[in-house]
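Visitor: The file below is final_39.txt, compact mmCIF, C-alpha atoms and all ligand atoms:
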```
# COMPACT_ATOMS: atom_id res chain seq x y z
CA MET A 2 -44.82 -191.13 -140.58
CA ARG A 3 -46.38 -189.44 -137.58
CA HIS A 4 -45.92 -185.98 -139.15
CA TYR A 5 -47.12 -187.18 -142.49
CA VAL A 6 -50.60 -185.69 -142.59
CA SER A 7 -49.84 -182.43 -140.81
CA CYS A 8 -46.83 -181.43 -142.89
CA VAL A 9 -47.70 -178.62 -145.31
CA ALA A 10 -44.78 -179.36 -147.62
CA VAL A 11 -46.31 -182.51 -149.07
CA THR A 12 -45.28 -182.73 -152.72
CA ALA A 13 -47.39 -183.97 -155.59
CA ALA A 14 -45.15 -187.01 -155.82
CA SER A 15 -45.60 -187.88 -152.17
CA ILE A 16 -49.37 -187.51 -152.49
CA LEU A 17 -49.24 -189.94 -155.38
CA PHE A 18 -47.24 -192.37 -153.25
CA ALA A 19 -49.63 -191.85 -150.37
CA ILE A 20 -52.53 -192.85 -152.57
CA ARG A 21 -50.75 -195.68 -154.31
CA PRO A 22 -47.91 -196.78 -152.06
CA GLY A 23 -47.66 -200.07 -153.94
CA LEU A 24 -45.90 -198.05 -156.64
CA ALA A 25 -42.97 -197.59 -154.35
CA GLN A 26 -42.86 -201.32 -153.65
CA THR A 27 -42.78 -201.06 -149.89
CA GLN A 28 -43.62 -197.75 -148.33
CA PRO A 29 -44.69 -194.16 -148.86
CA PRO A 30 -41.92 -191.61 -148.49
CA GLU A 31 -41.79 -189.53 -145.37
CA ALA A 32 -43.14 -186.11 -146.30
CA SER A 33 -40.64 -184.18 -144.24
CA ARG A 34 -37.55 -185.35 -146.07
CA PRO A 35 -36.00 -183.71 -149.15
CA PRO A 36 -36.48 -185.48 -152.52
CA ILE A 37 -32.75 -186.11 -152.89
CA GLU A 38 -30.30 -186.78 -150.12
CA THR A 39 -26.76 -188.06 -149.67
CA THR A 40 -25.71 -189.31 -146.24
CA LYS A 41 -22.58 -190.95 -144.90
CA VAL A 42 -23.24 -194.30 -143.24
CA GLU A 43 -22.62 -193.89 -139.54
CA GLY A 44 -19.49 -195.64 -138.28
CA THR A 45 -17.81 -195.71 -141.71
CA GLU A 46 -15.21 -193.40 -143.20
CA ASN A 47 -16.25 -193.59 -146.80
CA VAL A 48 -19.56 -195.37 -147.39
CA TYR A 49 -22.50 -193.23 -148.49
CA ILE A 50 -26.17 -193.64 -149.29
CA PHE A 51 -27.63 -191.67 -152.19
CA ARG A 52 -31.42 -191.45 -152.01
CA ASN A 53 -33.67 -190.26 -154.83
CA GLY A 54 -37.33 -190.29 -153.79
CA ASN A 55 -38.07 -193.67 -152.27
CA HIS A 56 -35.09 -195.43 -153.86
CA GLN A 57 -31.56 -195.49 -152.57
CA SER A 58 -28.16 -196.90 -153.40
CA MET A 59 -24.70 -197.15 -151.90
CA PHE A 60 -21.45 -195.58 -153.04
CA VAL A 61 -17.95 -195.96 -151.65
CA VAL A 62 -15.26 -193.29 -151.95
CA THR A 63 -11.78 -194.81 -151.96
CA LYS A 64 -8.35 -193.22 -152.39
CA ALA A 65 -8.30 -194.47 -155.96
CA GLY A 66 -11.81 -193.46 -157.02
CA VAL A 67 -15.47 -194.17 -156.46
CA ILE A 68 -17.50 -197.37 -156.59
CA ALA A 69 -21.14 -196.43 -157.24
CA THR A 70 -24.19 -198.68 -157.40
CA ASP A 71 -27.73 -198.49 -158.84
CA PRO A 72 -28.45 -195.17 -160.67
CA ILE A 73 -32.13 -195.28 -159.44
CA ALA A 74 -33.35 -192.88 -162.13
CA TYR A 75 -36.44 -194.58 -163.56
CA GLY A 76 -38.92 -191.84 -164.49
CA ARG A 77 -36.34 -189.26 -163.42
CA PRO A 78 -34.67 -188.16 -166.66
CA THR A 79 -31.92 -186.19 -164.92
CA GLY A 80 -31.62 -188.57 -161.99
CA GLY A 81 -28.41 -190.29 -163.08
CA GLN A 82 -26.66 -186.96 -163.54
CA THR A 83 -28.04 -185.77 -160.19
CA TYR A 84 -26.44 -188.81 -158.57
CA VAL A 85 -23.09 -188.09 -160.27
CA ASP A 86 -23.34 -184.45 -159.12
CA GLU A 87 -23.98 -185.60 -155.54
CA ILE A 88 -20.86 -187.79 -155.68
CA ARG A 89 -18.93 -184.79 -157.01
CA LYS A 90 -19.87 -182.85 -153.85
CA VAL A 91 -18.00 -185.49 -151.84
CA THR A 92 -14.99 -186.12 -154.09
CA SER A 93 -13.46 -185.15 -157.41
CA LEU A 94 -11.85 -188.59 -157.81
CA PRO A 95 -13.01 -190.58 -160.85
CA ILE A 96 -16.06 -192.82 -160.69
CA LYS A 97 -14.45 -196.12 -161.61
CA TYR A 98 -17.33 -198.53 -161.30
CA LEU A 99 -21.11 -198.61 -161.41
CA ILE A 100 -22.56 -201.86 -160.12
CA TYR A 101 -26.16 -202.93 -160.72
CA SER A 102 -27.97 -204.79 -157.94
CA HIS A 103 -30.36 -206.49 -160.40
CA HIS A 104 -32.10 -205.84 -163.70
CA HIS A 105 -35.24 -203.96 -162.61
CA PHE A 106 -35.36 -200.56 -164.27
CA ASP A 107 -36.54 -198.68 -161.19
CA HIS A 108 -33.09 -199.41 -159.74
CA ILE A 109 -30.79 -199.26 -162.78
CA ALA A 110 -32.21 -196.77 -165.26
CA GLY A 111 -29.99 -193.72 -165.61
CA GLY A 112 -26.54 -195.24 -165.98
CA LYS A 113 -25.54 -193.08 -168.95
CA ALA A 114 -24.24 -190.24 -166.75
CA PHE A 115 -21.90 -192.72 -165.06
CA LYS A 116 -20.78 -194.18 -168.37
CA ASP A 117 -20.07 -190.66 -169.63
CA ALA A 118 -18.03 -190.06 -166.46
CA GLY A 119 -15.88 -193.06 -167.38
CA ALA A 120 -17.31 -195.75 -165.12
CA THR A 121 -17.18 -199.45 -165.98
CA ILE A 122 -20.60 -201.02 -165.42
CA ILE A 123 -20.68 -204.43 -163.75
CA ALA A 124 -23.70 -206.70 -163.21
CA HIS A 125 -24.74 -210.32 -163.04
CA ARG A 126 -24.87 -212.15 -166.38
CA ARG A 127 -28.67 -212.28 -166.35
CA VAL A 128 -28.88 -208.49 -166.21
CA LYS A 129 -27.08 -208.24 -169.55
CA GLU A 130 -29.20 -210.98 -171.10
CA ARG A 131 -32.47 -209.42 -169.98
CA LEU A 132 -31.50 -205.89 -171.04
CA ALA A 133 -30.47 -207.21 -174.47
CA VAL A 134 -34.04 -208.42 -175.06
CA ILE A 135 -35.92 -205.34 -173.81
CA LYS A 136 -33.54 -202.61 -175.02
CA ASP A 137 -34.88 -199.98 -172.62
CA PRO A 138 -33.54 -196.64 -173.90
CA PHE A 139 -32.73 -195.38 -170.39
CA THR A 140 -31.01 -198.50 -169.13
CA VAL A 141 -27.38 -198.94 -170.15
CA PRO A 142 -26.15 -202.55 -170.48
CA PRO A 143 -23.23 -203.66 -168.31
CA ASP A 144 -19.67 -203.72 -169.67
CA GLU A 145 -18.69 -206.69 -167.53
CA THR A 146 -20.69 -209.54 -166.09
CA PHE A 147 -20.03 -212.36 -163.65
CA GLU A 148 -21.70 -215.60 -162.71
CA MET A 149 -21.21 -216.41 -159.01
CA LYS A 150 -18.68 -214.09 -157.44
CA LYS A 151 -16.56 -211.09 -158.27
CA ILE A 152 -14.23 -209.09 -156.05
CA VAL A 153 -13.89 -205.40 -156.78
CA LYS A 154 -10.77 -203.85 -155.23
CA LEU A 155 -10.19 -200.14 -155.37
CA GLY A 156 -7.87 -198.17 -153.09
CA ASP A 157 -8.21 -199.73 -149.63
CA THR A 158 -11.71 -201.01 -150.31
CA THR A 159 -12.77 -204.55 -151.08
CA LEU A 160 -16.32 -205.06 -152.31
CA GLU A 161 -17.62 -208.58 -152.87
CA LEU A 162 -20.31 -209.15 -155.48
CA LEU A 163 -22.10 -212.40 -154.65
CA TYR A 164 -24.74 -214.26 -156.61
CA LEU A 165 -26.39 -216.61 -154.11
CA GLY A 166 -29.18 -217.97 -156.30
CA ARG A 167 -32.48 -216.70 -157.64
CA ASN A 168 -34.50 -214.61 -155.22
CA HIS A 169 -36.27 -211.29 -155.90
CA SER A 170 -35.09 -211.76 -159.50
CA ASP A 171 -32.72 -214.10 -161.29
CA SER A 172 -30.06 -211.36 -161.35
CA ASN A 173 -30.20 -209.95 -157.80
CA ILE A 174 -26.84 -209.95 -156.03
CA VAL A 175 -25.51 -209.21 -152.58
CA MET A 176 -22.80 -206.55 -152.34
CA ARG A 177 -20.70 -207.01 -149.22
CA LEU A 178 -18.07 -204.76 -147.69
CA PRO A 179 -16.20 -207.24 -145.44
CA LYS A 180 -14.21 -204.66 -143.47
CA GLU A 181 -17.27 -202.53 -142.73
CA LYS A 182 -19.52 -205.58 -142.19
CA LEU A 183 -22.10 -203.94 -144.43
CA ILE A 184 -24.19 -205.36 -147.25
CA PHE A 185 -26.20 -203.57 -149.92
CA LEU A 186 -29.19 -205.78 -150.73
CA VAL A 187 -32.12 -204.59 -152.81
CA ASP A 188 -35.81 -205.49 -152.73
CA ILE A 189 -35.79 -209.01 -151.29
CA VAL A 190 -35.78 -207.93 -147.63
CA PRO A 191 -37.99 -204.86 -147.11
CA VAL A 192 -36.76 -203.27 -143.89
CA GLY A 193 -39.59 -202.72 -141.42
CA ALA A 194 -42.35 -203.06 -144.02
CA MET A 195 -44.62 -205.64 -145.62
CA PRO A 196 -43.42 -207.03 -148.98
CA GLY A 197 -45.59 -205.91 -151.89
CA LEU A 198 -45.14 -205.08 -155.56
CA GLY A 199 -41.66 -206.63 -155.51
CA MET A 200 -43.29 -210.05 -155.21
CA ILE A 201 -44.56 -209.95 -158.80
CA ASP A 202 -41.66 -211.68 -160.56
CA MET A 203 -39.80 -213.16 -157.63
CA TYR A 204 -38.82 -216.81 -157.11
CA PRO A 205 -40.57 -217.72 -153.86
CA LEU A 206 -38.97 -221.05 -152.97
CA GLU A 207 -35.48 -220.06 -154.07
CA ALA A 208 -35.87 -216.78 -152.17
CA GLU A 209 -36.18 -218.64 -148.88
CA ALA A 210 -32.91 -220.50 -149.51
CA PHE A 211 -31.32 -217.23 -150.64
CA ILE A 212 -32.25 -215.38 -147.44
CA GLU A 213 -30.81 -218.22 -145.38
CA ARG A 214 -27.54 -217.84 -147.31
CA VAL A 215 -27.56 -214.08 -146.76
CA ILE A 216 -28.07 -214.54 -143.02
CA ALA A 217 -25.11 -216.98 -142.96
CA LEU A 218 -22.76 -214.31 -144.37
CA ASP A 219 -20.63 -212.17 -142.06
CA TRP A 220 -22.29 -208.73 -141.81
CA GLU A 221 -24.00 -206.53 -139.26
CA ARG A 222 -25.92 -203.90 -141.18
CA MET A 223 -27.82 -203.90 -144.47
CA ILE A 224 -28.40 -200.92 -146.73
CA PRO A 225 -31.74 -201.63 -148.46
CA GLY A 226 -32.78 -200.36 -151.90
CA HIS A 227 -35.72 -198.51 -150.34
CA PRO A 228 -35.30 -196.57 -147.08
CA GLY A 229 -35.91 -198.76 -144.05
CA LEU A 230 -38.73 -198.00 -141.65
CA PRO A 231 -38.85 -196.17 -139.42
CA GLY A 232 -36.69 -193.19 -140.31
CA GLY A 233 -34.62 -194.63 -143.15
CA ARG A 234 -32.86 -197.05 -140.80
CA LEU A 235 -30.52 -199.78 -141.98
CA GLY A 236 -31.54 -203.41 -141.76
CA THR A 237 -30.20 -206.21 -139.55
CA LYS A 238 -30.15 -209.98 -139.70
CA ASP A 239 -33.25 -209.86 -137.53
CA ASP A 240 -35.09 -208.04 -140.34
CA ALA A 241 -34.02 -210.78 -142.74
CA ARG A 242 -35.20 -213.48 -140.33
CA LYS A 243 -38.58 -211.77 -139.94
CA ILE A 244 -39.13 -211.62 -143.70
CA LEU A 245 -38.13 -215.25 -144.02
CA VAL A 246 -40.72 -216.22 -141.38
CA LEU A 247 -43.34 -214.06 -143.11
CA MET A 248 -42.64 -215.70 -146.48
CA ARG A 249 -42.92 -219.17 -145.00
CA GLU A 250 -46.18 -218.34 -143.23
CA ALA A 251 -47.66 -216.80 -146.40
CA SER A 252 -46.50 -219.73 -148.50
CA ALA A 253 -48.03 -222.32 -146.14
CA GLU A 254 -51.35 -220.48 -145.94
CA ILE A 255 -51.71 -220.00 -149.69
CA LYS A 256 -50.63 -223.59 -150.31
CA LYS A 257 -53.63 -224.67 -148.22
CA LEU A 258 -55.99 -222.34 -150.11
CA ALA A 259 -54.56 -223.46 -153.46
CA ARG A 260 -55.19 -227.10 -152.69
CA GLU A 261 -58.78 -226.21 -151.84
CA GLY A 262 -59.06 -224.82 -155.39
CA LYS A 263 -59.24 -221.20 -154.22
CA CYS A 264 -56.47 -219.58 -156.30
CA TRP A 265 -56.44 -216.85 -157.47
CA GLN A 266 -59.95 -216.10 -156.26
CA PRO A 267 -61.29 -216.17 -153.64
CA ALA A 268 -57.81 -216.65 -152.12
CA GLU A 269 -56.68 -213.13 -153.03
CA ARG A 270 -59.73 -211.61 -151.37
CA GLU A 271 -59.66 -213.86 -148.31
CA PHE A 272 -55.93 -213.93 -147.58
CA LYS A 273 -54.96 -212.07 -144.40
CA MET A 274 -51.94 -212.09 -142.13
CA PRO A 275 -53.34 -210.39 -139.02
CA GLN A 276 -50.08 -210.83 -137.15
CA TYR A 277 -48.58 -208.24 -139.54
CA ALA A 278 -51.51 -205.81 -139.58
CA SER A 279 -49.45 -203.09 -137.91
CA TRP A 280 -46.65 -203.26 -140.50
CA PRO A 281 -46.42 -200.42 -143.05
CA ASN A 282 -47.76 -201.43 -146.48
CA TYR A 283 -49.81 -204.27 -144.95
CA GLU A 284 -53.06 -203.70 -146.88
CA ASN A 285 -51.28 -202.95 -150.15
CA GLY A 286 -48.88 -205.83 -149.84
CA LEU A 287 -51.35 -208.63 -149.14
CA PRO A 288 -52.78 -209.06 -152.66
CA TYR A 289 -49.31 -209.12 -154.21
CA ILE A 290 -48.23 -211.78 -151.75
CA ALA A 291 -51.39 -213.83 -152.36
CA ARG A 292 -51.05 -213.54 -156.14
CA ARG A 293 -47.43 -214.67 -156.20
CA TYR A 294 -47.95 -217.67 -153.92
CA CYS A 295 -51.14 -218.59 -155.81
CA SER A 296 -49.00 -218.75 -158.96
CA LEU A 297 -46.73 -221.16 -157.17
CA TRP A 298 -49.18 -223.44 -155.37
CA GLY A 299 -52.24 -223.06 -157.58
CA ARG A 300 -50.51 -223.10 -160.95
CA GLY A 301 -47.07 -224.59 -160.49
CA THR A 302 -45.04 -221.56 -161.48
ZN ZN B 401 -36.53 -205.12 -158.02
```
As structure tokens, what does this structure read like?

Guide:
Amino acid sequence: MRHYVSCVAVTAASILFAIRPGLAQTQPPEASRPPIETTKVEGTENVYIFRNGNHQSMFVVTKAGVIATDPIAYGRPTGGQTYVDEIRKVTSLPIKYLIYSHHHFDHIAGGKAFKDAGATIIAHRRVKERLAVIKDPFTVPPDETFEMKKIVKLGDTTLELLYLGRNHSDSNIVMRLPKEKLIFLVDIVPVGAMPGLGMIDMYPLEAEAFIERVIALDWERMIPGHPGLPGGRLGTKDDARKILVLMREASAEIKKLAREGKCWQPAEREFKMPQYASWPNYENGLPYIARRYCSLWGRGT
């Protein structure tokens, strides 16, 4: 971020994000980085992060083929194919699976390239049900669904798909690599940034219980669906604990305002969390947080 203003290679897209960072849910992209990037996760032999703009997803290369996740190609018509091409730079083994983290199109649009490459698409049951209603032309429905837990085994890799209750959506799962002690968790725990746009359709009370369950799992590092701050870092249980505290503080404050009859206005205008003022996305995130908790405590939803 410190080079953000001085860098001459600022793209139109990054200017747009700089003006309206809420679009990216948590944070503006760092201007110095390339638009697309594939990196191996440090300390692993075969776990990679594919990043497209300010979205990212995990893929695992096993001896028997590839497990990919979230195509992240919303508004990027060739994004899914770009992702497949990036995998092809690492391995020529078949892409066996594509796993969706949840139903939001900014994370799962673009699956057709994977389907064409022969992948089986797996997601939580609610993903399939929601996609069946909306019929988004760029979002391919899953071939297989599960309810609470599914184990994907390929080569020497075991990947757990866990549904631990409603949270950021009613379809958002945790993907855990037990051997690597890694999880891929999207949108519910912004790493190093204030929550924002992602609050819109979340389940606030269930989300608190969900994060507690995530913290209770055995893992050390979290790959988030948007690059962690600073520097695209991975998340830790400490990041999850901090977001849980933030949610509880926001919830308690808005509950008070709601019971004074202040939702949505003037609560949305008045709501501040000065203890987080230094966090990226603070100013943009506040109204989303206020609006969601006002729905809960001032409306009952
Ligand atoms: Zn989402």

Visitor: As a VMD selection string, please: the residues near Pro231 (chain A) (cut-off 10 Å, all atoms listed in the file, same-chain neighbours under 2 positions excluded).

Guide: chain A and resid 2 31 192 to 194 228 to 229 233 to 235 281

Visitor: Check which residues of chain A sit at most 8 Å from ligand ZN 401 (chain B) using all atoms listed in the file, and return one row each with the closest pair of atoms and their distance in Å to one decimal, ordered by chain and rising number, as JSON lines.

Guide:
```
{"residue": "A:His103", "atom": "CA", "partner": "B:ZN401", "partner_atom": "ZN", "distance": 6.8}
{"residue": "A:His104", "atom": "CA", "partner": "B:ZN401", "partner_atom": "ZN", "distance": 7.2}
{"residue": "A:His105", "atom": "CA", "partner": "B:ZN401", "partner_atom": "ZN", "distance": 4.9}
{"residue": "A:Phe106", "atom": "CA", "partner": "B:ZN401", "partner_atom": "ZN", "distance": 7.8}
{"residue": "A:Asp107", "atom": "CA", "partner": "B:ZN401", "partner_atom": "ZN", "distance": 7.2}
{"residue": "A:His108", "atom": "CA", "partner": "B:ZN401", "partner_atom": "ZN", "distance": 6.9}
{"residue": "A:His169", "atom": "CA", "partner": "B:ZN401", "partner_atom": "ZN", "distance": 6.5}
{"residue": "A:Ser170", "atom": "CA", "partner": "B:ZN401", "partner_atom": "ZN", "distance": 7.0}
{"residue": "A:Asn173", "atom": "CA", "partner": "B:ZN401", "partner_atom": "ZN", "distance": 8.0}
{"residue": "A:Val187", "atom": "CA", "partner": "B:ZN401", "partner_atom": "ZN", "distance": 6.8}
{"residue": "A:Asp188", "atom": "CA", "partner": "B:ZN401", "partner_atom": "ZN", "distance": 5.4}
{"residue": "A:Ile189", "atom": "CA", "partner": "B:ZN401", "partner_atom": "ZN", "distance": 7.8}
{"residue": "A:Gly199", "atom": "CA", "partner": "B:ZN401", "partner_atom": "ZN", "distance": 5.9}
```

Visitor: Could you state the separation of CA of Pro142 (chain A) and CA of Phe115 (chain A) in Å, given to one decimal place?

Guide: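 These atoms are spaced 12.0 Å apart.
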
Visitor: Got a sec: who's within 6 Å of region 175-186 of chain A, counting all atoms listed in the file, leaving out chain neighbours fewer than 5 positions off, as a PyMOL selection string?

Guide: chain A and resi 160-163+220-225

Visitor: Can you measure CA of Arg131 (chain A) to CA of Ala208 (chain A) for me? One decimal in Å is fine.

Guide: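 Separating CA of Arg131 (chain A) from CA of Ala208 (chain A) is a distance of 19.6 Å.
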
Visitor: For a quick check of understanding, using all atoms listed in the file, which of A:Ile88, A:Val153, A:Ala253, A:Ala69 has the smallest distance to Tyr101 (chain A)?

Guide: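 That would be A:Ala69, the residue with the smallest distance to Tyr101 (chain A).
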
Visitor: Mind checking which residues fall within 9 Å of Ile122 (chain A), counting all atoms listed in the file, ignoring those fewer than 6 positions away in the same chain, and posting them as a PyMOL selection string?

Guide: chain A and resi 97-101+112+115-116+141-146

Visitor: Would you mind telling me which residue in A:Glu207, A:Glu261, A:Glu46, A:Glu250 lies nearest to Gln276 (chain A) when using only C-alpha atoms?

Guide: A:Glu250

Visitor: Would you work out the distance separating CA of Ile201 (chain A) from CA of Gly232 (chain A), expressed in Å to one decimal?

Guide: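 Spanning CA of Ile201 (chain A) to CA of Gly232 (chain A) is a straight-line distance of 26.2 Å.
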
Visitor: Which neighbours of Gly197 (chain A) fall inside 9 Å, counting all atoms listed in the file, when residues of the same chain fewer than 2 positions from it are skipped, and could you give them as a PyMOL selection string?

Guide: chain A and resi 23+26-27+194-195+199-201+282-283+285-290

Visitor: Tell me, as a PyMOL selection string, which residues lie within 12 Å of Arg292 (chain A), counting all atoms listed in the file; anything in the same chain fewer than 2 positions away does not count.

Guide: chain A and resi 197-203+205+251-252+255-256+258-259+263-272+286-290+294-300+302

Visitor: For a quick check of your reading of the model, name the residues lying within 7 Å of the coordinate (-20.7, -210.6, -166.9), counting all atoms listed in the file, and write them as a list in words.

Guide: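 Residues found, by chain and rising number: Ile123, Ala124, His125, Arg126, Glu145, Thr146, Phe147 and Glu148 of chain A.
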
Visitor: Taking into account all atoms listed in the file, which residue in the set A:Gly119, A:Glu87, A:Asp71, A:Pro191 is nearest to Thr40 (chain A)?

Guide: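 Under the stated criterion, the closest residue is A:Glu87.
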
Visitor: From the set A:Lys90, A:Val215, A:Ile73, A:Lys151, which residue has the shortest atom-to-atom contact distance to Lys113 (chain A), counting only C-alpha atoms?

Guide: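 Nearest candidate to Lys113 (chain A) out of A:Lys90, A:Val215, A:Ile73, A:Lys151: A:Ile73.
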
Visitor: Looking at A:Gly226, A:Gly236, A:Ile96, A:Ala217, which one is nearest to Arg52 (chain A), with distances taken over all atoms listed in the file?

Guide: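 Comparing A:Gly226, A:Gly236, A:Ile96, A:Ala217 against Arg52 (chain A), the winner is A:Gly226.
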